[in-house]
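work_34.cif, holding mmCIF, C-alpha atoms and all ligand atoms:
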data_my_file
loop_
_atom_site.label_atom_id
_atom_site.label_comp_id
_atom_site.auth_asym_id
_atom_site.auth_seq_id
_atom_site.Cartn_x
_atom_site.Cartn_y
_atom_site.Cartn_z
CA MET A 574 -21.17 5.62 -13.14
CA SER A 575 -17.95 4.66 -11.39
CA LEU A 576 -15.45 7.02 -9.85
CA ILE A 577 -12.91 6.02 -12.52
CA LYS A 578 -15.04 7.73 -15.18
CA GLU A 579 -14.55 11.17 -13.64
CA GLU A 580 -12.55 13.42 -15.96
CA PHE A 581 -9.78 14.27 -13.44
CA ILE A 582 -9.19 10.59 -12.68
CA ARG A 583 -9.11 9.68 -16.38
CA GLU A 584 -6.57 12.45 -17.02
CA PHE A 585 -4.43 11.27 -14.09
CA ILE A 586 -4.46 7.71 -15.45
CA ASP A 587 -3.69 8.96 -18.96
CA ILE A 588 -0.61 10.88 -17.78
CA ALA A 589 0.57 7.87 -15.75
CA ASN A 590 0.30 5.77 -18.89
CA GLU A 591 2.09 8.34 -21.08
CA GLY A 592 4.91 8.61 -18.52
CA TYR A 593 5.26 4.84 -18.42
CA ARG A 594 5.40 4.64 -22.23
CA LYS A 595 8.19 7.22 -22.25
CA GLY A 596 10.29 4.94 -20.05
CA TRP A 597 10.17 7.25 -17.05
CA HIS A 598 8.57 4.71 -14.66
CA GLU A 599 10.57 1.48 -14.61
CA ARG A 600 9.26 -1.03 -12.07
CA ASN A 601 7.67 1.04 -9.28
CA GLY A 602 9.61 4.19 -10.17
CA GLY A 603 7.99 7.60 -9.87
CA ASN A 604 4.90 8.97 -8.15
CA PHE A 605 2.15 11.43 -8.85
CA SER A 606 -0.39 13.53 -6.94
CA TYR A 607 -3.32 15.85 -7.66
CA ARG A 608 -5.06 18.20 -5.20
CA LEU A 609 -8.80 17.84 -5.78
CA LYS A 610 -11.08 20.82 -6.47
CA SER A 611 -14.28 21.07 -4.41
CA LYS A 612 -16.31 20.05 -7.44
CA ASP A 613 -14.12 16.93 -7.85
CA ILE A 614 -14.79 15.99 -4.21
CA GLU A 615 -18.54 16.53 -4.67
CA CYS A 616 -18.57 14.24 -7.72
CA ILE A 617 -16.78 11.35 -6.02
CA LYS A 618 -18.33 11.70 -2.52
CA PRO A 619 -20.69 8.70 -2.99
CA TYR A 620 -17.68 6.41 -3.52
CA LEU A 621 -15.63 7.53 -0.48
CA THR A 622 -15.46 5.65 2.83
CA TYR A 623 -14.22 7.03 6.11
CA ASP A 624 -13.51 3.90 8.11
CA LYS A 625 -9.71 3.76 7.74
CA PRO A 626 -7.43 5.14 10.46
CA PHE A 627 -5.41 8.33 10.12
CA ASN A 628 -1.64 7.88 9.68
CA LYS A 629 1.23 10.31 10.20
CA ILE A 630 2.38 12.10 7.05
CA GLY A 631 5.86 12.66 8.57
CA VAL A 632 5.74 16.40 7.85
CA SER A 633 3.32 19.10 8.88
CA VAL A 634 1.23 20.84 6.19
CA PRO A 635 -1.37 22.93 8.08
CA ASN A 636 -2.46 24.87 4.99
CA LEU A 637 -3.58 21.56 3.42
CA LYS A 638 -5.94 20.63 6.28
CA GLY A 639 -9.15 19.06 4.95
CA GLU A 640 -7.79 18.79 1.39
CA TYR A 641 -8.17 15.65 -0.72
CA PHE A 642 -5.44 14.24 -3.00
CA LEU A 643 -5.39 11.61 -5.70
CA VAL A 644 -2.04 9.78 -5.30
CA THR A 645 -0.16 6.77 -6.63
CA GLY A 646 0.55 3.88 -4.26
CA SER A 647 3.88 3.03 -2.68
CA GLY A 648 5.54 0.12 -4.49
CA LYS A 649 2.85 0.13 -7.20
CA TYR A 650 3.80 0.03 -10.86
CA PHE A 651 2.72 2.84 -13.21
CA ARG A 652 2.40 0.17 -15.90
CA ASN A 653 -0.54 -1.34 -14.03
CA ILE A 654 -2.46 1.88 -13.32
CA PRO A 655 -4.59 1.96 -16.52
CA ARG A 656 -5.63 -1.70 -16.16
CA LYS A 657 -6.29 -1.68 -12.42
CA PRO A 658 -6.56 1.89 -11.15
CA GLU A 659 -8.45 1.02 -7.95
CA GLU A 660 -5.58 -1.27 -6.82
CA ASN A 661 -2.74 1.14 -7.62
CA ILE A 662 -3.96 4.65 -6.80
CA ALA A 663 -5.85 6.21 -3.88
CA VAL A 664 -7.76 9.26 -2.74
CA ILE A 665 -6.53 10.50 0.63
CA GLU A 666 -7.94 13.11 3.01
CA ILE A 667 -5.74 15.33 5.20
CA ASP A 668 -6.98 15.76 8.78
CA SER A 669 -7.83 19.04 10.52
CA THR A 670 -4.25 19.57 11.77
CA GLY A 671 -2.33 18.90 8.56
CA ASP A 672 -0.22 16.19 10.25
CA ASN A 673 -2.15 13.05 9.25
CA TYR A 674 -3.87 11.49 6.26
CA ARG A 675 -6.29 8.62 5.69
CA ILE A 676 -7.23 6.62 2.61
CA VAL A 677 -10.85 7.24 1.59
CA TRP A 678 -10.82 5.36 -1.73
CA GLY A 679 -8.55 3.01 -3.68
CA LEU A 680 -5.54 0.79 -2.94
CA SER A 681 -8.23 -1.89 -2.83
CA LYS A 682 -5.78 -4.74 -2.28
CA GLY A 683 -3.92 -2.86 0.45
CA GLY A 684 -0.93 -0.56 0.54
CA ARG A 685 0.06 2.97 1.38
CA PRO A 686 0.31 6.19 -0.62
CA THR A 687 3.61 6.89 -2.38
CA SER A 688 6.82 6.71 -0.34
CA GLU A 689 7.42 10.31 -1.43
CA LEU A 690 4.21 11.56 0.19
CA PRO A 691 6.17 14.00 2.42
CA THR A 692 7.78 15.65 -0.63
CA HIS A 693 4.51 15.71 -2.59
CA LEU A 694 2.56 17.29 0.25
CA MET A 695 5.26 19.81 1.19
CA ASN A 696 5.47 20.84 -2.47
CA HIS A 697 1.67 21.17 -2.64
CA SER A 698 1.77 23.20 0.56
CA VAL A 699 4.31 25.68 -0.84
CA LYS A 700 2.64 25.90 -4.25
CA LYS A 701 -0.90 26.31 -2.89
CA ASP A 702 0.23 29.48 -1.10
CA ILE A 703 2.54 31.05 -3.63
CA THR A 704 0.32 30.40 -6.68
CA GLN A 705 -2.84 31.57 -4.88
CA ASN A 706 -4.33 28.09 -4.99
CA LYS A 707 -3.62 27.52 -8.72
CA HIS A 708 -1.06 24.69 -8.72
CA ARG A 709 -2.63 21.29 -8.14
CA VAL A 710 -0.30 18.71 -9.71
CA ILE A 711 3.04 17.34 -8.50
CA TYR A 712 4.74 14.74 -10.70
CA HIS A 713 7.92 12.73 -10.04
CA CYS A 714 9.61 10.47 -12.60
CA HIS A 715 12.99 9.05 -13.62
CA PRO A 716 13.92 10.35 -17.12
CA ALA A 717 17.30 8.98 -18.25
CA ASN A 718 18.82 12.09 -19.87
CA ILE A 719 18.19 14.43 -16.95
CA ILE A 720 19.62 11.82 -14.59
CA ALA A 721 22.67 11.32 -16.84
CA LEU A 722 23.43 15.04 -16.75
CA THR A 723 23.61 14.97 -12.94
CA PHE A 724 26.85 12.97 -13.30
CA VAL A 725 28.62 15.47 -15.55
CA LEU A 726 27.24 18.95 -14.89
CA SER A 727 27.97 20.84 -11.72
CA LEU A 728 24.98 20.44 -9.40
CA GLU A 729 24.07 24.12 -9.41
CA ASP A 730 20.71 25.67 -10.30
CA ALA A 731 22.43 28.18 -12.58
CA VAL A 732 24.37 25.53 -14.52
CA PHE A 733 21.33 23.30 -15.19
CA THR A 734 19.11 26.27 -15.98
CA ARG A 735 21.51 27.89 -18.40
CA GLU A 736 22.53 24.69 -20.18
CA LEU A 737 18.94 23.52 -20.61
CA TRP A 738 17.75 26.97 -21.70
CA GLU A 739 20.39 26.94 -24.44
CA MET A 740 19.39 23.55 -25.86
CA ALA A 741 15.99 24.60 -27.26
CA THR A 742 14.53 28.03 -27.93
CA GLU A 743 11.24 27.17 -26.23
CA CYS A 744 12.95 26.36 -22.89
CA PRO A 745 13.43 29.89 -21.51
CA VAL A 746 9.78 30.57 -22.38
CA VAL A 747 8.49 27.33 -20.78
CA PHE A 748 10.56 27.58 -17.59
CA PRO A 749 11.72 31.23 -17.34
CA GLU A 750 12.14 30.98 -13.56
CA GLY A 751 14.86 28.30 -14.02
CA ILE A 752 15.45 24.89 -12.46
CA GLY A 753 16.50 23.84 -8.97
CA VAL A 754 18.91 21.01 -8.16
CA VAL A 755 19.07 18.93 -4.97
CA ASP A 756 22.33 17.07 -4.23
CA TRP A 757 22.06 13.34 -3.78
CA MET A 758 19.96 12.58 -0.70
CA VAL A 759 18.17 9.55 0.73
CA PRO A 760 14.69 9.59 -0.85
CA GLY A 761 11.39 9.02 0.90
CA GLY A 762 11.78 11.15 3.99
CA ARG A 763 11.44 14.51 5.61
CA ASP A 764 14.89 15.95 4.79
CA ILE A 765 14.57 15.58 1.02
CA ALA A 766 10.99 16.91 1.29
CA VAL A 767 12.23 20.05 3.03
CA ALA A 768 15.09 20.57 0.55
CA THR A 769 12.78 20.10 -2.45
CA SER A 770 9.94 22.27 -1.20
CA ARG A 771 12.38 25.12 -0.45
CA LEU A 772 13.40 25.10 -4.11
CA MET A 773 9.74 24.88 -5.16
CA GLU A 774 9.31 28.35 -3.65
CA LYS A 775 11.37 29.59 -6.59
CA TYR A 776 11.03 27.00 -9.36
CA ASN A 777 8.46 24.64 -10.92
CA VAL A 778 11.11 21.99 -11.66
CA VAL A 779 13.50 20.42 -9.17
CA ILE A 780 16.07 17.80 -10.17
CA TRP A 781 17.17 15.14 -7.70
CA ALA A 782 20.80 14.25 -8.47
CA HIS A 783 21.26 10.66 -9.69
CA HIS A 784 17.54 10.01 -9.19
CA GLY A 785 14.99 12.01 -11.18
CA ILE A 786 12.83 15.08 -11.41
CA PHE A 787 9.91 16.73 -9.61
CA ALA A 788 7.58 19.14 -11.41
CA SER A 789 4.66 21.30 -10.31
CA GLY A 790 1.85 22.82 -12.36
CA GLN A 791 -1.74 24.00 -12.52
CA ASP A 792 -3.03 20.98 -14.41
CA PHE A 793 -1.96 17.64 -15.85
CA ASP A 794 -1.05 18.93 -19.33
CA GLU A 795 1.08 21.78 -18.04
CA THR A 796 2.97 19.65 -15.52
CA PHE A 797 3.63 16.72 -17.85
CA GLY A 798 4.50 19.10 -20.70
CA LEU A 799 7.05 20.79 -18.48
CA VAL A 800 8.82 17.49 -17.80
CA GLU A 801 8.68 16.59 -21.51
CA THR A 802 10.31 19.93 -22.37
CA VAL A 803 13.06 19.61 -19.75
CA GLU A 804 13.83 15.99 -20.66
CA LYS A 805 13.90 16.77 -24.41
CA SER A 806 16.35 19.57 -23.74
CA ALA A 807 18.44 17.24 -21.57
CA GLU A 808 18.48 14.70 -24.40
CA ILE A 809 19.82 17.32 -26.81
CA LEU A 810 22.52 18.28 -24.30
CA VAL A 811 23.52 14.64 -23.84
CA LYS A 812 23.89 14.34 -27.63
CA VAL A 813 25.89 17.59 -27.85
CA LEU A 814 28.22 16.53 -25.02
CA SER A 815 28.63 13.11 -26.66
CA MET A 816 29.76 14.73 -29.92
CA SER A 817 32.03 17.44 -28.57
CA ASN A 818 33.01 19.20 -25.38
CA GLU A 819 32.72 22.55 -27.09
CA LYS A 820 29.72 24.24 -28.65
CA ARG A 821 30.56 25.89 -31.96
CA GLN A 822 27.50 28.14 -31.59
CA THR A 823 24.66 28.41 -29.13
CA ILE A 824 21.75 30.56 -27.98
CA THR A 825 23.69 33.48 -26.55
CA THR A 826 22.95 35.77 -23.62
CA GLU A 827 21.98 38.43 -26.15
CA ASN A 828 19.57 35.97 -27.84
CA LEU A 829 18.04 35.15 -24.45
CA ARG A 830 17.49 38.84 -23.74
CA ASP A 831 15.78 39.31 -27.15
CA LEU A 832 13.60 36.26 -26.53
CA ALA A 833 12.61 37.51 -23.08
CA LYS A 834 11.54 40.84 -24.56
CA ASP A 835 9.46 39.39 -27.42
CA PHE A 836 7.85 36.64 -25.33
CA ASN A 837 7.37 38.90 -22.34
CA VAL A 838 9.07 36.61 -19.81
CA ALA A 839 11.41 37.66 -17.01
CA LEU A 840 14.68 35.71 -17.13
CA PRO A 841 16.58 36.15 -13.84
CA ASP A 842 19.89 37.95 -14.18
CA GLU A 843 21.76 35.27 -12.20
CA PHE A 844 21.13 32.86 -15.12
CA LEU A 845 21.72 35.38 -17.91
CA LYS A 846 25.13 36.18 -16.47
CA ARG A 847 26.14 32.51 -16.34
CA GLN A 848 27.90 31.06 -19.41
CA CYS A 849 28.78 27.44 -18.71
CA PHE A 850 30.87 25.67 -21.33
O1 LIG B 901 10.01 4.18 -6.37
O2 LIG B 901 10.45 6.96 -7.43
O3 LIG B 901 11.50 8.17 -5.36
C1 LIG B 901 9.33 5.35 -6.20
C2 LIG B 901 10.27 6.47 -6.35
C3 LIG B 901 10.93 6.93 -5.15
ZN ZN B 902 11.99 8.34 -7.57
#

Encoded form using structure tokens:
Amino acid sequence: MSLIKEEFIREFIDIANEGYRKGWHERNGGNFSYRLKSKDIECIKPYLTYDKPFNKIGVSVPNLKGEYFLVTGSGKYFRNIPRKPEENIAVIEIDSTGDNYRIVWGLSKGGRPTSELPTHLMNHSVKKDITQNKHRVIYHCHPANIIALTFVLSLEDAVFTRELWEMATECPVVFPEGIGVVDWMVPGGRDIAVATSRLMEKYNVVIWAHHGIFASGQDFDETFGLVETVEKSAEILVKVLSMSNEKRQTITTENLRDLAKDFNVALPDEFLKRQCF
């Protein structure tokens, strides 16, 4: 039995494939990480090797010391993951300080974990604490409609939240806490990791202006489903804005309050108060 047959690895590969088929991973676009459960680590232990050196993460994540992550490789193409997983993804181990990682499986033809490793690990760090260890998946991709909206909507959490809530009745139920937005920043480093993880304290979705989206969730289905919901809503908004700059009718603040009551979700007042266009 090879490591690839493990359920969590198959699910990871399946989501990578689905994301690619949706057009969210052109070339080497996007990256993906999963924080392993102890039973996952037990299952794959026979396949792990500990002879590679530790490397600096670039950020410090002490609460992730000793954790293992399944991650995509830097410069690797999502399109190739299902055919050649061992060349394109890796399992990494965080050291006992939370400052360094080493590859213990995968990237068999060489390479490093995703260029966005600092953002992934800082997001995992925040989410591990505030969800009492529940969130395990961080997913980054480049969906066209969300990115298009970052050129025409004001880059404010309240504007994106309210507009996307209004585009589909399920949205306030799927992401009641709202959506965060990061202004354009250079990707791949510490600064964007800090900005994103701050917003992850409040939200499960963070949009990077003119770049893409980051999402966090408990499992693969929930995290991928969240991005599907946000991007579908963004697609509707793009169509609406393309037809008219005025909505004739919409889901109103009153409607949102009724929805919140019946579906038992708390919609923050800052977003209920905000009517955008
Ligand atoms: O190319 O998506 O953000 C990988 C990326 C960087
Ligand atoms: Zn990206």

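Across the model, the gap from CA of Glu827 in chain A to CA of Thr802 in chain A is 22.2 Å.
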
Could you give me, as a tab-separated table, a per-residue list for range 793-849 of chain A showing, wherever an atom lies at most 6 Å from an atom of range 733-744 of chain A, the closest pair of atoms and their distance in Å to one decimal, using only C-alpha atoms and sorting by chain then residue number from low to high?
residue	atom	partner	partner_atom	distance
A:Ser806	CA	A:Met740	CA	5.4
A:Ile824	CA	A:Glu739	CA	5.2
A:Phe844	CA	A:Arg735	CA	6.0

Point-to-point distance from CA of Arg608 in chain A to CA of Gly790 in chain A, Å rounded to tenths: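 We find that CA of Arg608 in chain A and CA of Gly790 in chain A lie 11.0 Å from each other.
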
Distance query 6 Å from (24.4, 11.0, -11.7) using all atoms listed in the file, result as a ChimeraX atom specification: /A:720-721,723-724,782-783

Where's the centre, and what are the edge lengths in Å to one decimal, of a box along x, y and z enclosing all listed atoms of ligand LIG 901 (chain B) padded 6 Å per side, as JSON?
{"center_x": 10.4, "center_y": 6.2, "center_z": -6.3, "size_x": 14.2, "size_y": 16.0, "size_z": 14.3}

Expected answer as JSON, numbers by chain: residues within 12 Å of ligand LIG 901 (chain B), all atoms listed in the file: {"A": [597, 598, 599, 600, 601, 602, 603, 604, 605, 645, 646, 647, 648, 649, 650, 651, 686, 687, 688, 689, 690, 691, 692, 693, 712, 713, 714, 715, 716, 757, 758, 759, 760, 761, 762, 765, 766, 780, 781, 782, 783, 784, 785, 786, 787]}

Output file for the selection above: C-alpha atoms, as an mmCIF file, keeping the file's coordinate frame:
data_model
loop_
_atom_site.group_PDB
_atom_site.id
_atom_site.type_symbol
_atom_site.label_atom_id
_atom_site.label_comp_id
_atom_site.auth_asym_id
_atom_site.auth_seq_id
_atom_site.Cartn_x
_atom_site.Cartn_y
_atom_site.Cartn_z
ATOM 1 C CA TRP A 597 10.170 7.250 -17.050
ATOM 2 C CA HIS A 598 8.570 4.710 -14.660
ATOM 3 C CA GLU A 599 10.570 1.480 -14.610
ATOM 4 C CA ARG A 600 9.260 -1.030 -12.070
ATOM 5 C CA ASN A 601 7.670 1.040 -9.280
ATOM 6 C CA GLY A 602 9.610 4.190 -10.170
ATOM 7 C CA GLY A 603 7.990 7.600 -9.870
ATOM 8 C CA ASN A 604 4.900 8.970 -8.150
ATOM 9 C CA PHE A 605 2.150 11.430 -8.850
ATOM 10 C CA THR A 645 -0.160 6.770 -6.630
ATOM 11 C CA GLY A 646 0.550 3.880 -4.260
ATOM 12 C CA SER A 647 3.880 3.030 -2.680
ATOM 13 C CA GLY A 648 5.540 0.120 -4.490
ATOM 14 C CA LYS A 649 2.850 0.130 -7.200
ATOM 15 C CA TYR A 650 3.800 0.030 -10.860
ATOM 16 C CA PHE A 651 2.720 2.840 -13.210
ATOM 17 C CA PRO A 686 0.310 6.190 -0.620
ATOM 18 C CA THR A 687 3.610 6.890 -2.380
ATOM 19 C CA SER A 688 6.820 6.710 -0.340
ATOM 20 C CA GLU A 689 7.420 10.310 -1.430
ATOM 21 C CA LEU A 690 4.210 11.560 0.190
ATOM 22 C CA PRO A 691 6.170 14.000 2.420
ATOM 23 C CA THR A 692 7.780 15.650 -0.630
ATOM 24 C CA HIS A 693 4.510 15.710 -2.590
ATOM 25 C CA TYR A 712 4.740 14.740 -10.700
ATOM 26 C CA HIS A 713 7.920 12.730 -10.040
ATOM 27 C CA CYS A 714 9.610 10.470 -12.600
ATOM 28 C CA HIS A 715 12.990 9.050 -13.620
ATOM 29 C CA PRO A 716 13.920 10.350 -17.120
ATOM 30 C CA TRP A 757 22.060 13.340 -3.780
ATOM 31 C CA MET A 758 19.960 12.580 -0.700
ATOM 32 C CA VAL A 759 18.170 9.550 0.730
ATOM 33 C CA PRO A 760 14.690 9.590 -0.850
ATOM 34 C CA GLY A 761 11.390 9.020 0.900
ATOM 35 C CA GLY A 762 11.780 11.150 3.990
ATOM 36 C CA ILE A 765 14.570 15.580 1.020
ATOM 37 C CA ALA A 766 10.990 16.910 1.290
ATOM 38 C CA ILE A 780 16.070 17.800 -10.170
ATOM 39 C CA TRP A 781 17.170 15.140 -7.700
ATOM 40 C CA ALA A 782 20.800 14.250 -8.470
ATOM 41 C CA HIS A 783 21.260 10.660 -9.690
ATOM 42 C CA HIS A 784 17.540 10.010 -9.190
ATOM 43 C CA GLY A 785 14.990 12.010 -11.180
ATOM 44 C CA ILE A 786 12.830 15.080 -11.410
ATOM 45 C CA PHE A 787 9.910 16.730 -9.610
#

Residue among A:Phe627, A:Phe585, A:Phe797, A:Tyr593 lying closest to Val644 in chain A, counting all atoms listed in the file: A:Phe585

Å distance separating CA of Gly751 in chain A from CA of Leu643 in chain A, one decimal place: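 Between CA of Gly751 in chain A and CA of Leu643 in chain A the gap works out to 27.5 Å.
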
Nearby residues (all atoms listed in the file) at most 10 Å from Leu845 in chain A, same-chain spacing under 4 positions excluded, as an MDAnalysis selection string: chainID A and resid 731 734:735 825:827 829:830 840:841

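Minimum atom-to-atom distance to Phe748 in chain A, evaluated using only C-alpha atoms, belongs to A:Val779 out of A:Ile614, A:Val779, A:Ile654, A:Ile711.
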
Selection near Lys820 in chain A, 12 Å with all atoms listed in the file, sequence-local residues under 2 positions removed, as a ChimeraX atom specification: /A:736,739-740,810,812-818,822-825,848-850

Write the residues you've just listed into a file as a CSV table (one decimal), in the coordinates of the input, and include C-alpha atoms for each of them.
chain,number,residue,atom,x,y,z
A,736,GLU,CA,22.5,24.7,-20.2
A,739,GLU,CA,20.4,26.9,-24.4
A,740,MET,CA,19.4,23.6,-25.9
A,810,LEU,CA,22.5,18.3,-24.3
A,812,LYS,CA,23.9,14.3,-27.6
A,813,VAL,CA,25.9,17.6,-27.8
A,814,LEU,CA,28.2,16.5,-25.0
A,815,SER,CA,28.6,13.1,-26.7
A,816,MET,CA,29.8,14.7,-29.9
A,817,SER,CA,32.0,17.4,-28.6
A,818,ASN,CA,33.0,19.2,-25.4
A,822,GLN,CA,27.5,28.1,-31.6
A,823,THR,CA,24.7,28.4,-29.1
A,824,ILE,CA,21.8,30.6,-28.0
A,825,THR,CA,23.7,33.5,-26.6
A,848,GLN,CA,27.9,31.1,-19.4
A,849,CYS,CA,28.8,27.4,-18.7
A,850,PHE,CA,30.9,25.7,-21.3

Near-Glu659 in chain A list (6 Å; only C-alpha atoms; drop same-chain fewer than 3 positions) as a ChimeraX atom specification: /A:662,679-681

Counting all atoms listed in the file, the option among A:Leu772, A:Pro745, A:Arg709, A:Thr670 closest to Asn837 in chain A: A:Pro745
